[in-house]
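One file, coords_18.tsv, carrying TSV, C-alpha atoms:
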chain	number	residue	atom	x	y	z
A	387	MET	CA	0.00	0.00	0.00
A	388	LYS	CA	1.06	3.55	-0.65
A	389	TYR	CA	0.88	6.24	2.05
A	390	LEU	CA	1.20	10.02	2.20
A	391	GLU	CA	0.43	10.48	-1.48
A	392	THR	CA	-2.35	13.03	-1.20
A	393	LYS	CA	-2.13	16.47	0.38
A	394	HIS	CA	-4.75	15.52	2.94
A	395	GLU	CA	-2.78	12.46	4.10
A	396	LYS	CA	0.45	14.48	4.41
A	397	LYS	CA	-1.30	17.18	6.46
A	398	SER	CA	-2.96	14.59	8.72
A	399	ALA	CA	0.39	12.86	9.34
A	400	THR	CA	2.04	16.16	10.26
A	401	ILE	CA	-0.71	17.10	12.72
A	402	THR	CA	-0.71	13.61	14.24
A	403	THR	CA	3.09	13.82	14.78
A	404	ILE	CA	2.78	17.22	16.47
A	405	ILE	CA	0.06	15.95	18.81
A	406	VAL	CA	2.12	12.89	19.78
A	407	VAL	CA	5.16	15.08	20.55
A	408	ILE	CA	3.03	17.44	22.67
A	409	VAL	CA	1.51	14.54	24.61
A	410	VAL	CA	4.94	13.05	25.24
A	411	LEU	CA	6.26	16.42	26.49
A	412	LEU	CA	3.28	16.81	28.79
A	413	CYS	CA	3.89	13.37	30.22
A	414	PHE	CA	7.52	14.17	31.02
A	415	VAL	CA	7.17	17.79	32.04
A	416	VAL	CA	3.80	18.03	33.71
A	417	GLY	CA	3.44	15.61	36.63
A	418	GLN	CA	3.01	15.38	40.44
A	419	ASP	CA	5.76	16.60	42.67
A	420	TYR	CA	7.79	14.02	44.50
A	421	GLN	CA	6.19	13.02	47.81
A	422	ASP	CA	7.56	11.04	50.65
A	423	PRO	CA	6.20	7.57	50.81
A	424	PRO	CA	3.48	7.09	53.38
A	425	GLU	CA	4.32	5.53	56.63
A	426	GLU	CA	2.21	2.50	55.88
A	427	TYR	CA	4.75	1.46	53.28
A	428	GLY	CA	7.49	1.15	55.90
A	429	VAL	CA	9.25	2.62	58.91
A	430	ALA	CA	10.34	6.17	58.51
A	431	ILE	CA	13.98	6.64	59.21
A	432	ASN	CA	15.07	10.03	60.27
A	433	PHE	CA	18.61	10.63	59.46
A	434	GLY	CA	18.46	14.01	61.07
A	435	GLU	CA	17.69	17.30	59.66
A	436	SER	CA	18.94	18.13	56.27
A	437	SER	CA	21.58	20.62	56.00
A	438	ALA	CA	20.88	24.11	55.16
A	439	LEU	CA	22.60	23.57	51.82
A	440	ASN	CA	20.19	20.85	50.78
A	441	GLU	CA	17.26	22.88	51.88
A	442	ASN	CA	18.48	25.84	49.99
A	443	ILE	CA	19.17	23.83	46.79
A	444	ARG	CA	16.03	21.76	46.66
A	445	PRO	CA	13.52	24.58	46.82
A	446	LYS	CA	15.42	26.44	44.18
A	447	ILE	CA	15.50	23.44	41.86
A	448	SER	CA	11.82	22.68	42.50
A	449	GLU	CA	10.84	26.26	41.94
A	450	LYS	CA	12.87	26.35	38.79
A	451	ILE	CA	11.22	23.22	37.49
A	452	GLN	CA	7.81	24.54	38.39
A	453	GLU	CA	8.58	27.79	36.67
A	454	GLU	CA	9.79	25.94	33.61
A	455	GLU	CA	6.72	23.73	33.66
A	456	ALA	CA	4.34	26.60	34.18
A	457	GLU	CA	5.74	28.66	31.36
A	458	PRO	CA	5.13	26.27	28.38
A	459	GLU	CA	1.77	25.03	29.59
A	460	LYS	CA	-0.17	27.78	27.90
A	461	PRO	CA	1.51	27.54	24.47
A	462	ILE	CA	1.22	23.77	24.48
A	463	VAL	CA	-2.50	23.87	25.22
A	464	ALA	CA	-2.97	26.47	22.50
A	465	GLU	CA	-0.98	24.39	20.08
A	466	ALA	CA	-3.07	21.36	21.02
A	467	GLU	CA	-6.25	23.28	20.50
A	468	THR	CA	-4.92	24.58	17.19
A	469	ALA	CA	-3.91	21.09	16.17
A	470	ALA	CA	-7.33	19.78	17.21
A	471	ALA	CA	-9.00	22.53	15.21
A	472	GLU	CA	-6.84	21.75	12.21
A	473	LEU	CA	-7.59	18.07	12.67
A	474	ASN	CA	-11.32	18.83	12.79
A	475	LYS	CA	-10.93	20.99	9.70
A	476	ILE	CA	-9.08	18.20	7.96
A	477	GLU	CA	-11.76	15.74	9.00
A	478	GLU	CA	-14.42	18.10	7.73
A	479	GLU	CA	-12.54	18.53	4.45
A	480	LYS	CA	-12.11	14.80	4.22
A	481	LEU	CA	-15.79	14.31	4.96
A	482	ALA	CA	-16.64	16.97	2.35
A	483	GLU	CA	-14.37	15.27	-0.15
A	484	GLU	CA	-15.93	11.90	0.63
A	485	LEU	CA	-19.40	13.46	0.30
A	486	ALA	CA	-18.38	15.09	-2.99
A	487	SER	CA	-16.88	11.80	-4.15
A	488	LYS	CA	-20.05	10.02	-3.13
A	489	GLU	CA	-22.19	12.59	-4.92
A	490	ALA	CA	-19.93	12.33	-7.98
A	491	ALA	CA	-20.13	8.56	-7.79
A	492	ASP	CA	-23.93	8.79	-7.46
A	493	ALA	CA	-24.04	11.19	-10.39
A	494	ALA	CA	-21.77	8.90	-12.41
A	495	ALA	CA	-23.94	5.93	-11.43
A	496	LYS	CA	-27.08	7.84	-12.47
A	497	ALA	CA	-25.40	8.85	-15.72
A	498	ALA	CA	-24.27	5.28	-16.31
A	499	LYS	CA	-27.77	4.05	-15.50
A	500	ALA	CA	-29.25	6.63	-17.87
A	501	GLU	CA	-26.76	5.61	-20.54
A	502	ALA	CA	-27.57	1.96	-19.92
A	503	GLU	CA	-31.29	2.68	-20.17
A	504	ALA	CA	-30.68	4.70	-23.34
A	505	ALA	CA	-28.54	1.88	-24.72
A	506	GLU	CA	-31.22	-0.66	-23.84
A	507	LYS	CA	-33.85	1.56	-25.45
A	508	LEU	CA	-31.67	2.00	-28.55
A	509	LEU	CA	-31.01	-1.74	-28.63
A	510	ALA	CA	-34.74	-2.40	-28.33
A	511	GLN	CA	-35.42	0.05	-31.17
A	512	GLN	CA	-32.72	-1.58	-33.27
A	513	LYS	CA	-34.17	-5.01	-32.55
A	514	GLU	CA	-37.63	-3.74	-33.45
A	515	GLU	CA	-36.34	-2.16	-36.67
A	516	ALA	CA	-34.37	-5.32	-37.50
A	517	LEU	CA	-37.50	-7.42	-36.86
A	518	LYS	CA	-39.54	-5.05	-39.01
A	519	ILE	CA	-36.98	-5.20	-41.82
A	520	ARG	CA	-36.82	-8.99	-41.57
A	521	ASN	CA	-40.61	-9.22	-41.69
A	522	GLU	CA	-40.68	-6.91	-44.71
A	523	LYS	CA	-37.98	-8.99	-46.43
A	524	GLU	CA	-39.87	-12.19	-45.65
A	525	ALA	CA	-43.09	-10.64	-46.96
A	526	LYS	CA	-41.32	-9.50	-50.14
A	527	ALA	CA	-39.71	-12.91	-50.54
A	528	LYS	CA	-43.10	-14.62	-50.12
A	529	GLU	CA	-44.67	-12.21	-52.57
A	530	LYS	CA	-41.84	-12.79	-55.05
A	531	ILE	CA	-42.21	-16.57	-54.68
A	532	GLN	CA	-45.96	-16.26	-55.23
A	533	ASN	CA	-45.38	-14.08	-58.29
A	534	LEU	CA	-42.84	-16.57	-59.65
A	535	LYS	CA	-45.28	-19.41	-59.07
A	536	LYS	CA	-48.02	-17.41	-60.74
A	537	GLU	CA	-45.76	-16.55	-63.68
A	538	ALA	CA	-44.69	-20.19	-63.95
A	539	ALA	CA	-48.33	-21.30	-63.95
A	540	GLU	CA	-49.22	-18.66	-66.54
A	541	ALA	CA	-46.21	-19.65	-68.65
A	542	LYS	CA	-47.26	-23.29	-68.40
A	543	ASP	CA	-50.85	-22.48	-69.35
A	544	LYS	CA	-49.60	-20.31	-72.20
A	545	ALA	CA	-47.26	-23.06	-73.39
A	546	VAL	CA	-50.12	-25.57	-73.28
A	547	ALA	CA	-52.41	-23.14	-75.09
A	548	ASP	CA	-49.71	-22.37	-77.68
A	549	ALA	CA	-49.08	-26.08	-78.17
A	550	LYS	CA	-52.79	-26.63	-78.62
A	551	VAL	CA	-53.02	-23.71	-81.05
A	552	LYS	CA	-50.01	-25.06	-82.97
A	553	ALA	CA	-51.53	-28.52	-83.05
A	554	ASP	CA	-54.85	-27.10	-84.23
A	555	ARG	CA	-53.03	-24.95	-86.77
A	556	ALA	CA	-51.00	-27.93	-87.95
A	557	ALA	CA	-54.18	-29.96	-88.30
A	558	SER	CA	-55.84	-27.05	-90.10
A	559	ASP	CA	-52.78	-26.60	-92.34
A	560	LYS	CA	-52.83	-30.30	-93.07
A	561	ALA	CA	-56.50	-30.12	-93.92
A	562	ASP	CA	-55.88	-27.00	-96.02
A	563	ALA	CA	-52.96	-28.70	-97.76
A	564	LYS	CA	-55.15	-31.67	-98.48
A	565	ALA	CA	-57.92	-29.38	-99.71
A	566	ILE	CA	-55.42	-27.51	-101.89
A	567	ALA	CA	-54.02	-30.76	-103.23
A	568	ASP	CA	-57.53	-31.94	-103.97
A	569	LYS	CA	-58.33	-28.61	-105.63
A	570	VAL	CA	-55.11	-28.78	-107.68
A	571	ALA	CA	-56.02	-32.29	-108.72
A	572	ARG	CA	-59.55	-31.16	-109.63
A	573	ASP	CA	-58.21	-28.10	-111.44
A	574	LYS	CA	-55.72	-30.25	-113.34
A	575	ALA	CA	-58.45	-32.67	-114.28
A	576	ALA	CA	-60.68	-29.76	-115.30
A	577	ALA	CA	-57.82	-28.15	-117.25
A	578	ASP	CA	-57.10	-31.42	-119.00
A	579	ALA	CA	-60.76	-31.86	-119.80
A	580	LYS	CA	-60.98	-28.27	-121.00
A	581	ALA	CA	-57.83	-28.67	-123.13
A	582	GLU	CA	-59.30	-31.79	-124.66
A	583	SER	CA	-62.58	-29.97	-125.18
A	584	ASP	CA	-60.78	-26.97	-126.71
A	585	ARG	CA	-58.76	-29.26	-128.98
A	586	ALA	CA	-61.92	-30.98	-130.08
A	587	ALA	CA	-63.58	-27.61	-130.64
A	588	ALA	CA	-60.63	-26.39	-132.68
A	589	VAL	CA	-60.68	-29.53	-134.80
A	590	LYS	CA	-64.42	-29.16	-135.26
A	591	LEU	CA	-64.06	-25.46	-136.14
A	592	ALA	CA	-61.35	-26.22	-138.66
A	593	ALA	CA	-63.48	-28.91	-140.22
A	594	GLU	CA	-66.45	-26.57	-140.38
A	595	ASN	CA	-64.36	-23.81	-141.92
A	596	LYS	CA	-62.89	-26.22	-144.44
A	597	ALA	CA	-66.32	-27.46	-145.36
A	598	LYS	CA	-67.59	-23.91	-145.81
A	599	ASP	CA	-64.65	-22.85	-147.92
A	600	ASN	CA	-64.81	-26.06	-150.03
A	601	GLY	CA	-61.10	-25.79	-150.45
A	602	LYS	CA	-61.37	-22.60	-152.52
A	603	THR	CA	-59.67	-20.26	-149.96
A	604	PRO	CA	-56.01	-21.13	-149.25
A	605	ASN	CA	-54.88	-21.21	-145.63
A	606	PHE	CA	-52.35	-18.75	-144.21
A	607	ASP	CA	-49.90	-21.61	-143.56
A	608	VAL	CA	-49.75	-22.72	-147.21
A	609	ILE	CA	-50.17	-19.44	-149.10
A	610	GLU	CA	-47.40	-18.68	-151.60
A	611	ASN	CA	-47.02	-15.09	-150.48
A	612	SER	CA	-48.76	-14.38	-147.19
A	613	PRO	CA	-50.66	-11.19	-146.48
A	614	ILE	CA	-48.44	-8.43	-145.04
A	615	TYR	CA	-49.38	-6.76	-141.76
A	616	PRO	CA	-48.37	-3.10	-141.50
A	617	GLY	CA	-44.74	-3.01	-140.38
A	618	CYS	CA	-43.91	-6.57	-141.52
A	619	LYS	CA	-42.67	-5.99	-145.10
A	620	SER	CA	-39.01	-6.84	-144.45
A	621	GLY	CA	-37.66	-10.38	-144.62
A	622	ASN	CA	-38.74	-13.48	-146.52
A	623	ASN	CA	-42.19	-15.01	-146.57
A	624	THR	CA	-41.62	-17.06	-143.40
A	625	ALA	CA	-40.41	-13.98	-141.47
A	626	ARG	CA	-43.39	-11.96	-142.71
A	627	LYS	CA	-45.77	-14.71	-141.55
A	628	GLN	CA	-44.21	-14.80	-138.07
A	629	CYS	CA	-44.29	-11.01	-137.83
A	630	MET	CA	-47.96	-10.91	-138.83
A	631	ASN	CA	-48.83	-13.66	-136.37
A	632	ASP	CA	-47.09	-11.81	-133.49
A	633	LYS	CA	-48.62	-8.44	-134.42
A	634	ILE	CA	-52.19	-9.81	-134.48
A	635	LYS	CA	-51.70	-11.54	-131.06
A	636	GLN	CA	-50.30	-8.34	-129.54
A	637	PHE	CA	-53.17	-6.30	-130.99
A	638	LEU	CA	-55.78	-8.64	-129.57
A	639	ASN	CA	-54.13	-8.75	-126.10
A	640	ASN	CA	-53.91	-4.95	-125.95
A	641	ASN	CA	-57.52	-4.31	-126.99
A	642	PHE	CA	-59.37	-7.24	-125.47
A	643	ASN	CA	-61.58	-6.31	-122.48
A	644	LYS	CA	-60.11	-8.59	-119.78
A	645	MET	CA	-62.57	-7.34	-117.17
A	646	LEU	CA	-65.29	-9.10	-119.08
A	647	ALA	CA	-63.82	-12.50	-118.28
A	648	SER	CA	-63.34	-11.45	-114.64
A	649	ASP	CA	-67.00	-10.39	-114.46
A	650	LEU	CA	-67.93	-13.79	-115.78
A	651	GLY	CA	-66.06	-15.43	-112.87
A	652	LEU	CA	-63.24	-16.70	-115.08
A	653	ASN	CA	-59.54	-16.47	-114.23
A	654	GLY	CA	-56.16	-17.60	-115.50
A	655	PHE	CA	-55.58	-18.18	-119.22
A	656	GLN	CA	-58.71	-18.24	-121.33
A	657	LYS	CA	-58.32	-19.68	-124.84
A	658	ILE	CA	-60.34	-18.32	-127.74
A	659	TYR	CA	-60.17	-20.04	-131.13
A	660	ILE	CA	-60.69	-17.49	-133.92
A	661	ARG	CA	-60.82	-17.66	-137.74
A	662	PHE	CA	-61.15	-14.86	-140.21
A	663	THR	CA	-60.38	-14.18	-143.88
A	664	ILE	CA	-58.12	-11.51	-145.32
A	665	SER	CA	-59.87	-10.56	-148.52
A	666	GLU	CA	-58.33	-9.79	-151.89
A	667	SER	CA	-58.46	-6.10	-150.93
A	668	GLY	CA	-56.61	-6.74	-147.59
A	669	LYS	CA	-59.66	-6.28	-145.30
A	670	VAL	CA	-60.71	-8.64	-142.49
A	671	ALA	CA	-63.95	-10.54	-143.23
A	672	GLY	CA	-65.80	-13.70	-142.25
A	673	ILE	CA	-64.86	-13.50	-138.52
A	674	ARG	CA	-65.74	-16.59	-136.45
A	675	ALA	CA	-64.81	-17.37	-132.79
A	676	LYS	CA	-65.15	-20.23	-130.26
A	677	ALA	CA	-64.72	-19.64	-126.48
A	678	ALA	CA	-65.98	-20.80	-123.04
A	679	ASP	CA	-68.64	-18.06	-123.09
A	680	VAL	CA	-70.60	-16.36	-125.87
A	681	LYS	CA	-69.64	-12.96	-124.50
A	682	LEU	CA	-65.96	-13.78	-124.95
A	683	GLU	CA	-66.69	-14.81	-128.57
A	684	THR	CA	-68.49	-11.51	-129.13
A	685	GLU	CA	-65.61	-9.53	-127.62
A	686	ALA	CA	-63.10	-11.41	-129.81
A	687	LYS	CA	-65.12	-10.59	-132.93
A	688	ARG	CA	-65.26	-6.92	-131.88
A	689	VAL	CA	-61.49	-6.70	-131.46
A	690	LEU	CA	-60.79	-8.56	-134.75
A	691	GLY	CA	-62.99	-6.02	-136.56
A	692	LEU	CA	-60.54	-3.32	-135.44
A	693	LEU	CA	-57.56	-4.88	-137.24
A	694	PRO	CA	-55.96	-2.52	-139.78
A	695	LYS	CA	-56.08	-3.05	-143.52
A	696	MET	CA	-53.30	-5.35	-144.76
A	697	GLN	CA	-51.61	-6.06	-148.03
A	698	PRO	CA	-53.45	-9.10	-149.51
A	699	GLY	CA	-51.84	-12.47	-150.07
A	700	MET	CA	-50.58	-13.46	-153.51
A	701	GLN	CA	-51.02	-16.85	-155.20
A	702	GLN	CA	-49.49	-17.39	-158.68
A	703	GLY	CA	-49.01	-13.65	-159.13
A	704	ARG	CA	-52.56	-12.54	-158.30
A	705	PRO	CA	-54.22	-11.41	-155.03
A	706	VAL	CA	-56.36	-14.01	-153.28
A	707	SER	CA	-58.37	-14.33	-150.08
A	708	VAL	CA	-56.45	-16.06	-147.27
A	709	ALA	CA	-57.97	-17.93	-144.30
A	710	PHE	CA	-56.27	-17.12	-140.97
A	711	ASP	CA	-56.66	-19.42	-137.93
A	712	LEU	CA	-55.40	-18.23	-134.53
A	713	PRO	CA	-55.70	-19.89	-131.07
A	714	LEU	CA	-55.68	-16.82	-128.76
A	715	SER	CA	-54.85	-17.06	-125.03
A	716	ILE	CA	-56.07	-14.20	-122.80
A	717	LYS	CA	-54.57	-13.97	-119.29
A	718	ILE	CA	-57.12	-12.90	-116.69
A	719	ASN	CA	-55.67	-11.61	-113.38

Could you render the structure as C-alpha cells?
Amino acid sequence: MKYLETKHEKKSATITTIIVVIVVLLCFVVGQDYQDPPEEYGVAINFGESSALNENIRPKISEKIQEEEAEPEKPIVAEAETAAAELNKIEEEKLAEELASKEAADAAAKAAKAEAEAAEKLLAQQKEEALKIRNEKEAKAKEKIQNLKKEAAEAKDKAVADAKVKADRAASDKADAKAIADKVARDKAAADAKAESDRAAAVKLAAENKAKDNGKTPNFDVIENSPIYPGCKSGNNTARKQCMNDKIKQFLNNNFNKMLASDLGLNGFQKIYIRFTISESGKVAGIRAKAADVKLETEAKRVLGLLPKMQPGMQQGRPVSVAFDLPLSIKIN
C-alpha cells in the first residue's frame, strides 16, 4: 500500500506527529511533585535534619522546574487546540471530499444508469427495426415466390395453349394442304378436260371452216405469199408470216376487255379459237370465234374487226383471199 500520497494524508500525518510530541512532552514535564512515601509502606527513618545547603538547593530546583513547567503550559495547550482545530478541519474537508466523491459517484452511477437505459432503449429500437426489416424482407420474398409461381403457372398455361393452337393450326394446315391438293387435282383434271374440249372444238371449227370454204380459200400456212401486216414488209415469206402472227396476237391482247372475263367469274388463261379471212383487198372478213362463253366470242369478234387493212396475199401472181386461224390465249388476273 502507498501512504502520504495526497495532500490531505500528508497534512494529517504532520498534525498527528505534532500531537504525539506534545503529549509526550506533557507526560515528562507536567506531573506530580515528589512526595515522601506514606508511613504504611514502611518505617520512617530520620537521618536528622537536612543541612541548610540541601534545603536551599532543593527549593530552588523545584521552583525552577515549576517555573519551567508553568511557562510552556499555555503555548502547548494552545498548540493542542490549534492542532485539534486543524484536525477537525481536515476531517471536515475529508468528509466533504468523501461526500463530494459520493455525490460524484452517485451522479456517475445515475449517468451510467441513464446511458444503460438509453442503450437498452436504442437496442430495443434496433431489434424492433431489424425485426420489421426482416418481416418486410420475408413478406417480399413470399410475394416474389408467389409471383414466380403465378408466372410459372401462366407460362405453363400459355405453353399448353400455344401447343394446342399449334396442333390445331397444324391440323388445319394439313387439312388445307389436303384441300389444296384436292383442288389442284380437280383443277388439273378440269384443265385437262378443258384442253381436250378446246382441242376438239378447234378440230371441229377447222373442219367446219374447211367445209364452208370447199377448199377454194387457201390457208395462211400454205399461201405462196402471205398477207403483209403493216410493219412486216421486211424479210422473206416465213419472217413476214411470223411477224404478222405476233402483231395480231399483240393487238388482240392490248384491246381485249379482260374485265369481261373477270366479271364472268373466269380467271387464269382463257383460250379463244378465232378464224377470219383476209380478202383480196386486204380487209378482215368472215370473222368466227369459239370460247368458253358467248360474251368472250363476241368480244373477240369486236377486237378482230378493229384490225388494220393489210396487203393481200398473192397466189401465182394474183391477189387471193387467205384464211387465218389463230388460237388466242387471254390472261385474266

Restricting the calculation to all atoms listed in the file, which member of A:Ala709, A:Leu682, A:Ile531, A:Leu714 is positioned closest to A:Met645?
-> A:Leu682

Rank A:Gly699, A:Gly691, A:Pro713, A:Gly621 by their smallest atom-to-atom distance to A:Ser667, using only C-alpha atoms, and report the top residue only.
-> A:Gly699

List the neighbours of A:Ala625 out to 12 Å using all atoms listed in the file; skip same-chain residues closer than 6 positions along the sequence, and give me the result as a short mmCIF file (atom, residue, chain, number, x, y, z; two decimals) with C-alpha atoms, in the coordinates of the input.
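Full text of out18.cif as output:
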data_model
loop_
_atom_site.label_atom_id
_atom_site.label_comp_id
_atom_site.auth_asym_id
_atom_site.auth_seq_id
_atom_site.Cartn_x
_atom_site.Cartn_y
_atom_site.Cartn_z
CA ASN A 611 -47.02 -15.09 -150.48
CA SER A 612 -48.76 -14.38 -147.19
CA PRO A 613 -50.66 -11.19 -146.48
CA ILE A 614 -48.44 -8.43 -145.04
CA TYR A 615 -49.38 -6.76 -141.76
CA GLY A 617 -44.74 -3.01 -140.38
CA CYS A 618 -43.91 -6.57 -141.52
CA LYS A 619 -42.67 -5.99 -145.10
CA ASN A 631 -48.83 -13.66 -136.37
CA ASP A 632 -47.09 -11.81 -133.49
#

note - atom CA of A:Lys627 and atom CA of A:Ile609 are separated by 9.9 Å

For the atom pair atom CA of A:Leu517 and atom CA of A:Ala497, what is the interatomic distance in Å to one decimal place?
->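 Atom-to-atom, atom CA of A:Leu517 to atom CA of A:Ala497, that is 29.3 Å.
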
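Put simply, atom CA of A:Gly654 is 28.6 Å away from atom CA of A:Pro694.
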
Nearest to A:Gln636, restricted to all atoms listed in the file and choosing among A:Leu690, A:Leu411, A:Ala545, A:Ile476, comes out as A:Leu690

What lies within 12 Å of A:Gln701 using all atoms listed in the file, ignoring chain neighbours under 5 positions off, as a PyMOL selection string?
-> chain A and resi 603-606+608-613+666+706-708

Nearest to A:Glu483 among A:Lys544, A:Lys550, A:His394, A:Lys560, with distances taken over only C-alpha atoms: which residue is it?
->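 Result for the nearest residue to A:Glu483: A:His394.
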
So which residues touch A:Ala677 within 7 Å, counting only C-alpha atoms, skipping near sequence neighbours fewer than 2 positions away, as a VMD selection string?
-> chain A and resid 657 to 659 675 679 to 680 682 to 683

Counting only C-alpha atoms, the residue of A:Ala498, A:Ala647, A:Val406, A:Ile664 that sits nearest A:Thr684 =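 Looking only at the distances to A:Thr684, the closest residue turns out to be A:Ala647.
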
From the list A:Asp573, A:Ala678, A:Met696, A:Lys635, which residue is nearest A:Gly651 when using only C-alpha atoms?
->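 Between A:Asp573, A:Ala678, A:Met696, A:Lys635, the residue approaching A:Gly651 most closely is A:Ala678.
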